[in-house]
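Beneath this line is the structure, given in structure tokens, with notes to follow.
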Amino acid sequence: MGDLFFTVYRATVRMAIPVLLASIGGLITYYAGIMNVAMEGLMLSGAFAGVVFSYMYSSALMGIVGAVITAVIFSLLYSLFVTTLRANNFAIGFALNIFISSLTLYLTRVMFRGQNAFNSPNIRAIPHLSIDLRSQVLNNLFMNFDLLVYISIALVFIIYYFIFKTPFGLWLRAAGSRPDALTTAGIHVSIIQYSSSILCGIFCGLAGAQLSLSNVVMFSKDMSGGRGFVALAVVLIARGKPSIVLILSLLFGLFDALSIQLQSAHVPSQFPLMLPYIMTIVSLIVVTFVQERKSIH
Amino acid sequence: MHDKKKILSYIPGGWILFIILILFSWSIIILLSGENPFTVFYYLLEGSVGSYNTLFSTLDKMVVLVLTALAVSIPGWAGIWNIGGEGQLLLGAFAAAWLGISLDTHFALLNIIITLSFSAIVGALWAYWPALLKVYLRVDEVVTTLMGNYIVSFFTSYLVNFPFRDPSSTWPRTKYIPTDFVIPYIDHLQISYTFLISIIVLVYIEVVRKRYISGYEYNIVGKSEMFARQGGINVDKIKITSMLIGGALAGLAGGLLVLGATHKFMDGFSPGYGYTGLLIALISGNMPIPILGIAFVFGALQVGSINMQLFTNVPAEISGVFQSILVFFVAAQRILLLKIRKGMHKNG
């Protein structure tokens with residue numbers, strides 16, 4: 001029983017991290033007044049670049065750096081079209097997702113002569129943190145996760161502080177809710193939006209690296225598997241509240257972890273795989289229902 | 001000076017530059033594979049509009065694109081997002097394959113009509129619950145329809161892997177539908193009657209939009225809900241109906257694919273038809289005639305890229321890259337053209 005608990009717990013943390021990272025990215029652009037539909041693609045670009053750079057330089061750190069830079073470039077491209085050229089964000093977002101999905105597949109074929117996936121022993125995984133805490137339980141709870149897990153959890157608190165306690169955070173929130181007030185104060189809304197976009201790219205890149213350099217160590221076609229969209233849903237459901245983003249991401253991770261457990265229990269794998277998406281819809285309905293109730297009273 | 005400006009605005013130089021910009025971006029991607037862009041463009045054109053046969057193949061590819069785009073557009077008129085085309089199409093397609101292997105009236109036309117109606121109904125039902133949630137509980141329909149796609153994709157994958165799997169095949173798929181369910185090709189050309197069906201649907205929708213009250217009502221609801229309510233229009237009903245129509249069209253697209261092209265349902269049935277339809281609808285401003293034009297270009301890219309893969313080292317996946325680059329520029333065309341014109345005035 002204890003073993004099962006720890007298996008599920010550890011899988012929950014691992015599966016929650018990519019969604020958590022991407023939804024923090026989405027949270028930042030949400031505050032800047034951009035509904036970011038491109039996170040699915042940004043994550044995928046990070047996953048691909050992470051594998052490529054880690055392979056080329058035989059270094060996990062270079063993989064992470066490559067993933068972040070690539071996702072930031074695509075995120076800026078998204079901003080260029082949405083903020084500066086004022087194109088429809090759904091059109092650009094979904095086009096960017098399809099662009100990255102086909103481009104990564106195209107590059108897998110052209111660069112590695114692979115079919116739908118690329119793996120190699122030269123790809124270095126993100127190292128795990130293992131300090132002996134002199135207790136089996138504590139070790140199981142806190143140790144042997146990859147370094148990104150600890151960094152992500154630290155980032156949740158840093159971002160919370162950043163959004164709610166710093167001047168930039170104030171401008172960021174104003175860019176979404178009171179853009180004219182920001183302009184009056186002499187600050188360009190578009191500069192804030194671009195900065196939020198860079199930050200979002202960083203987080204989606206990290207999320208992608210976590211997918212392809214830790215949870216598994218390879219790249220495969222469309223490996224983000226809707227997690228970027230789930231992150232978008234998480235941001236919309238939470239209406240910008242970081243604590244709810246954290247809870248929902250963990251909940252998503254839990255359902256993902258349960259689905260892995262159920263798959264090994266001879267249930268057709270498709271049903272467990274549906275669970276996280278059903279959970280997302282159900283929590284959206286519940287939160288909306290509660291909010292509507294509140295606004296009536 | 002004023003006259004000069006006026007004359008310049010009539011010269012379609014902006015558009016030509018605009019197209020060059022798209023071709024240039026495509027070329028950069030092609031260069032990554034070490035091929036000559038001009039060679040690639042040649043094979044793309046040859047494979048899509050180079051002969052009657054390839055031209056018909058292109059038109060045939062348009063069927064799904066037109067219907068999945070309309071599936072987004074009609075709810076779009078009423079101001080509601082249908083991102084669920086992918087799931088509705090998958091369910092419609094599976095429904096067609098299922099009916100095909102389990103029911104046979106021995107009258108081909110009757111078989112086809114029953115099956116297509118069933119596909120449309122199944123697609124509409126899958127669009128129904130997000131519409132109800134949106135109208136009565138204000139639950140965001142973007143999230144529900146999008147998440148729904150993943151659920152359906154796993155569900156149909158289950159159906160075709162377990163209860164409906166044809167044991168004689170290595171790849172999970174259903175049995176083939178009998179020949180009296182198949183929608184045939186027109187006179188042995190590379191184009192099937194499904195093309196006519198999709199064109200009839202499109203023309204019908206365009207006529208209703210332009211000539212009938214109901215088309216006008218949809219537009220009013222989309223433009224200003226409050227105005228529509230005060231004008232006595234049943235806004236809730238129109239929103240729900242528009243989603244039902246959208247779902248039915250995507251379901252129909254799935255049914256047509258099975259009866260006209262694949263003759264079975266298999267795992268990995270859709271390479272993202274629903275999302276491609278979404279892109280087409282978005283850059284067409286939800287208008288049927290532009291949808292037709294852009295669906296033609298997309299169809300040509302998809303068909304042409306198969307020919308291109310045969311003769312060059314460029315994999316066919318590049319068509320997705322080409323399509324999305326096209327969307328970037330068309331979606332940004334208003335401001336882009338403005339900037340190009342401004343630049344031309346400065347230099348001219």
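Each chain of the structure tokens is named A, B, ... in the order shown, its residues numbered from 1; ligands are numbered from 1 in display order.
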
**Message:** Distance limit 7 Å, atoms considered: only C-alpha atoms. Which chain A residues sit that close to chain B? Return them as a list in words.
**Reply:** Phe81, Leu85, Arg86, Ala87, Asn88, Ala91, Ile92, Ala95, Leu96, Ile98, Phe99, Ser102, Leu103, Leu105, Tyr106, Val110, Ala233, Gln270, Met274, Tyr277, Ile281, Ile285, Thr288 and Phe289 of chain A

**Request:** Fewer than 2 positions away in the same chain doesn't count, so skip those; otherwise give me all residues within 8 Å of Gly304 of chain B, counting only C-alpha atoms, as a ChimeraX atom specification.
**Result:** /B:43-48,300-302,306-308

Go ahead and write the selection's residues with N, CA and C atoms as an mmCIF file, in the first residue's frame.
data_model
loop_
_atom_site.group_PDB
_atom_site.id
_atom_site.type_symbol
_atom_site.label_atom_id
_atom_site.label_comp_id
_atom_site.auth_asym_id
_atom_site.auth_seq_id
_atom_site.Cartn_x
_atom_site.Cartn_y
_atom_site.Cartn_z
ATOM 1 N N TYR B 43 7.383 20.598 -58.533
ATOM 2 C CA TYR B 43 6.701 19.326 -58.285
ATOM 3 C C TYR B 43 5.398 19.519 -57.508
ATOM 4 N N LEU B 44 5.368 20.558 -56.660
ATOM 5 C CA LEU B 44 4.125 20.870 -55.943
ATOM 6 C C LEU B 44 3.024 21.226 -56.937
ATOM 7 N N LEU B 45 3.365 22.103 -57.894
ATOM 8 C CA LEU B 45 2.369 22.530 -58.879
ATOM 9 C C LEU B 45 1.988 21.376 -59.794
ATOM 10 N N GLU B 46 3.013 20.640 -60.246
ATOM 11 C CA GLU B 46 2.737 19.529 -61.149
ATOM 12 C C GLU B 46 1.796 18.527 -60.496
ATOM 13 N N GLY B 47 2.040 18.277 -59.197
ATOM 14 C CA GLY B 47 1.250 17.262 -58.499
ATOM 15 C C GLY B 47 -0.113 17.730 -58.056
ATOM 16 N N SER B 48 -0.417 19.018 -58.216
ATOM 17 C CA SER B 48 -1.706 19.493 -57.703
ATOM 18 C C SER B 48 -2.599 20.073 -58.792
ATOM 19 N N ALA B 300 -4.491 21.791 -52.731
ATOM 20 C CA ALA B 300 -3.398 21.705 -53.704
ATOM 21 C C ALA B 300 -2.078 21.424 -52.989
ATOM 22 N N LEU B 301 -1.841 22.099 -51.864
ATOM 23 C CA LEU B 301 -0.593 21.870 -51.125
ATOM 24 C C LEU B 301 -0.516 20.438 -50.617
ATOM 25 N N GLN B 302 -1.662 19.920 -50.131
ATOM 26 C CA GLN B 302 -1.646 18.554 -49.588
ATOM 27 C C GLN B 302 -1.412 17.516 -50.671
ATOM 28 N N ILE B 306 2.553 15.260 -51.934
ATOM 29 C CA ILE B 306 2.786 13.817 -52.097
ATOM 30 C C ILE B 306 3.631 13.583 -53.352
ATOM 31 N N ASN B 307 3.295 14.311 -54.412
ATOM 32 C CA ASN B 307 4.095 14.236 -55.643
ATOM 33 C C ASN B 307 5.522 14.707 -55.383
ATOM 34 N N MET B 308 5.625 15.805 -54.609
ATOM 35 C CA MET B 308 6.932 16.372 -54.293
ATOM 36 C C MET B 308 7.796 15.360 -53.541
#

**Item:** Backbone-only DSSP, alpha helix (DSSP H) members of segment 117-281 of chain B, as a PyMOL selection string
**Value:** chain B and resi 117-137+141-161+193-211+213-223+225-230+235-257+273-281

**Prompt:** Any idea what the distance is between atom CA of Trp15 of chain B and atom CA of Lys342 of chain B?
**Reply:** 13.4 Å

**Message:** Which residues are close to Asp236 of chain B, i.e. within 9 Å by only C-alpha atoms, leaving aside same-chain residues fewer than 5 positions away? Reply as an MDAnalysis selection string.
**Reply:** chainID B and resid 135:136 241

**Request:** Please identify all polymer residues within 7 Å of segment 241-255 of chain A, counting only C-alpha atoms, omitting same-chain residues fewer than 3 positions from it, and present them as a PyMOL selection string.
**Result:** chain A and resi 12-13+15-16+19-20+23+160+234-235+238+258-259+275-276

Those same residues - N, CA, C and O atoms - I'd like them written as a PDB file, in the first residue's frame.
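File again03.pdb, as written:
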ATOM      1  N   THR A  12       2.667  11.524 -10.003  1.00  0.00           N
ATOM      2  CA  THR A  12       1.866  12.751 -10.001  1.00  0.00           C
ATOM      3  C   THR A  12       2.770  13.969 -10.140  1.00  0.00           C
ATOM      4  O   THR A  12       2.526  14.844 -10.980  1.00  0.00           O
ATOM      5  N   VAL A  13       3.833  14.008  -9.319  1.00  0.00           N
ATOM      6  CA  VAL A  13       4.724  15.165  -9.374  1.00  0.00           C
ATOM      7  C   VAL A  13       5.351  15.274 -10.765  1.00  0.00           C
ATOM      8  O   VAL A  13       5.354  16.340 -11.377  1.00  0.00           O
ATOM      9  N   MET A  15       4.323  14.146 -13.679  1.00  0.00           N
ATOM     10  CA  MET A  15       3.387  14.481 -14.752  1.00  0.00           C
ATOM     11  C   MET A  15       2.815  15.888 -14.569  1.00  0.00           C
ATOM     12  O   MET A  15       2.388  16.515 -15.541  1.00  0.00           O
ATOM     13  N   ALA A  16       2.786  16.363 -13.325  1.00  0.00           N
ATOM     14  CA  ALA A  16       2.191  17.685 -13.090  1.00  0.00           C
ATOM     15  C   ALA A  16       3.130  18.799 -13.527  1.00  0.00           C
ATOM     16  O   ALA A  16       2.668  19.873 -13.937  1.00  0.00           O
ATOM     17  N   VAL A  19       2.714  20.561 -17.041  1.00  0.00           N
ATOM     18  CA  VAL A  19       1.479  21.358 -17.078  1.00  0.00           C
ATOM     19  C   VAL A  19       1.619  22.583 -16.183  1.00  0.00           C
ATOM     20  O   VAL A  19       1.224  23.692 -16.548  1.00  0.00           O
ATOM     21  N   LEU A  20       2.223  22.376 -15.015  1.00  0.00           N
ATOM     22  CA  LEU A  20       2.405  23.495 -14.089  1.00  0.00           C
ATOM     23  C   LEU A  20       3.255  24.587 -14.734  1.00  0.00           C
ATOM     24  O   LEU A  20       2.889  25.769 -14.731  1.00  0.00           O
ATOM     25  N   SER A  23       1.383  26.295 -17.510  1.00  0.00           N
ATOM     26  CA  SER A  23       0.294  27.171 -17.057  1.00  0.00           C
ATOM     27  C   SER A  23       0.815  28.424 -16.360  1.00  0.00           C
ATOM     28  O   SER A  23       0.153  29.452 -16.410  1.00  0.00           O
ATOM     29  N   TYR A 160       4.725  34.205  -8.245  1.00  0.00           N
ATOM     30  CA  TYR A 160       3.661  34.785  -7.428  1.00  0.00           C
ATOM     31  C   TYR A 160       4.118  36.145  -6.881  1.00  0.00           C
ATOM     32  O   TYR A 160       3.420  37.164  -6.998  1.00  0.00           O
ATOM     33  N   VAL A 234      -6.353  25.312 -17.679  1.00  0.00           N
ATOM     34  CA  VAL A 234      -6.052  25.548 -16.264  1.00  0.00           C
ATOM     35  C   VAL A 234      -6.050  27.048 -15.963  1.00  0.00           C
ATOM     36  O   VAL A 234      -6.645  27.508 -14.990  1.00  0.00           O
ATOM     37  N   VAL A 235      -5.405  27.831 -16.838  1.00  0.00           N
ATOM     38  CA  VAL A 235      -5.332  29.280 -16.626  1.00  0.00           C
ATOM     39  C   VAL A 235      -6.736  29.895 -16.675  1.00  0.00           C
ATOM     40  O   VAL A 235      -7.096  30.730 -15.846  1.00  0.00           O
ATOM     41  N   ALA A 238      -8.719  28.865 -13.584  1.00  0.00           N
ATOM     42  CA  ALA A 238      -8.239  29.521 -12.367  1.00  0.00           C
ATOM     43  C   ALA A 238      -8.474  31.025 -12.392  1.00  0.00           C
ATOM     44  O   ALA A 238      -8.355  31.695 -11.366  1.00  0.00           O
ATOM     45  N   LEU A 258      -2.620   8.214 -12.184  1.00  0.00           N
ATOM     46  CA  LEU A 258      -3.598   7.131 -12.021  1.00  0.00           C
ATOM     47  C   LEU A 258      -3.778   6.382 -13.328  1.00  0.00           C
ATOM     48  O   LEU A 258      -3.911   5.161 -13.346  1.00  0.00           O
ATOM     49  N   SER A 259      -3.760   7.145 -14.436  1.00  0.00           N
ATOM     50  CA  SER A 259      -3.981   6.486 -15.722  1.00  0.00           C
ATOM     51  C   SER A 259      -2.816   5.551 -16.047  1.00  0.00           C
ATOM     52  O   SER A 259      -3.012   4.481 -16.610  1.00  0.00           O
ATOM     53  N   LEU A 275      -8.850  10.175 -18.851  1.00  0.00           N
ATOM     54  CA  LEU A 275      -9.152  10.747 -17.538  1.00  0.00           C
ATOM     55  C   LEU A 275      -8.725  12.206 -17.345  1.00  0.00           C
ATOM     56  O   LEU A 275      -9.527  13.036 -16.920  1.00  0.00           O
ATOM     57  N   PRO A 276      -7.465  12.565 -17.650  1.00  0.00           N
ATOM     58  CA  PRO A 276      -7.051  13.944 -17.386  1.00  0.00           C
ATOM     59  C   PRO A 276      -7.905  14.978 -18.135  1.00  0.00           C
ATOM     60  O   PRO A 276      -8.198  16.047 -17.590  1.00  0.00           O
TER      61      PRO A 276
END

**Prompt:** For Phe74 of chain A, which residue out of A:Gly46, A:Gly169, A:Gly228, A:Gly33 is the nearest one, using only C-alpha atoms?
**Reply:** A:Gly46

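Among B:Leu252, B:Ile213, B:Ile289, B:Ala97, the residue with the shortest atom-to-atom distance to Tyr176 of chain B, counting only C-alpha atoms, is B:Ala97.
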
**Asked** Which polymer residues have any atom within 7 Å of an atom of Ser198 of chain B, counting only C-alpha atoms, with same-chain residues fewer than 4 positions away left out, as JSON, numbers by chain?
**Response** {"B": [63, 67, 194, 202]}

**Prompt:** Counting only C-alpha atoms, what is within 12 Å of Ile177 of chain B, bar same-chain residues fewer than 6 positions away, as an MDAnalysis selection string?
**Reply:** chainID B and resid 93:104 108 111:112 115 166 183 255 258:265
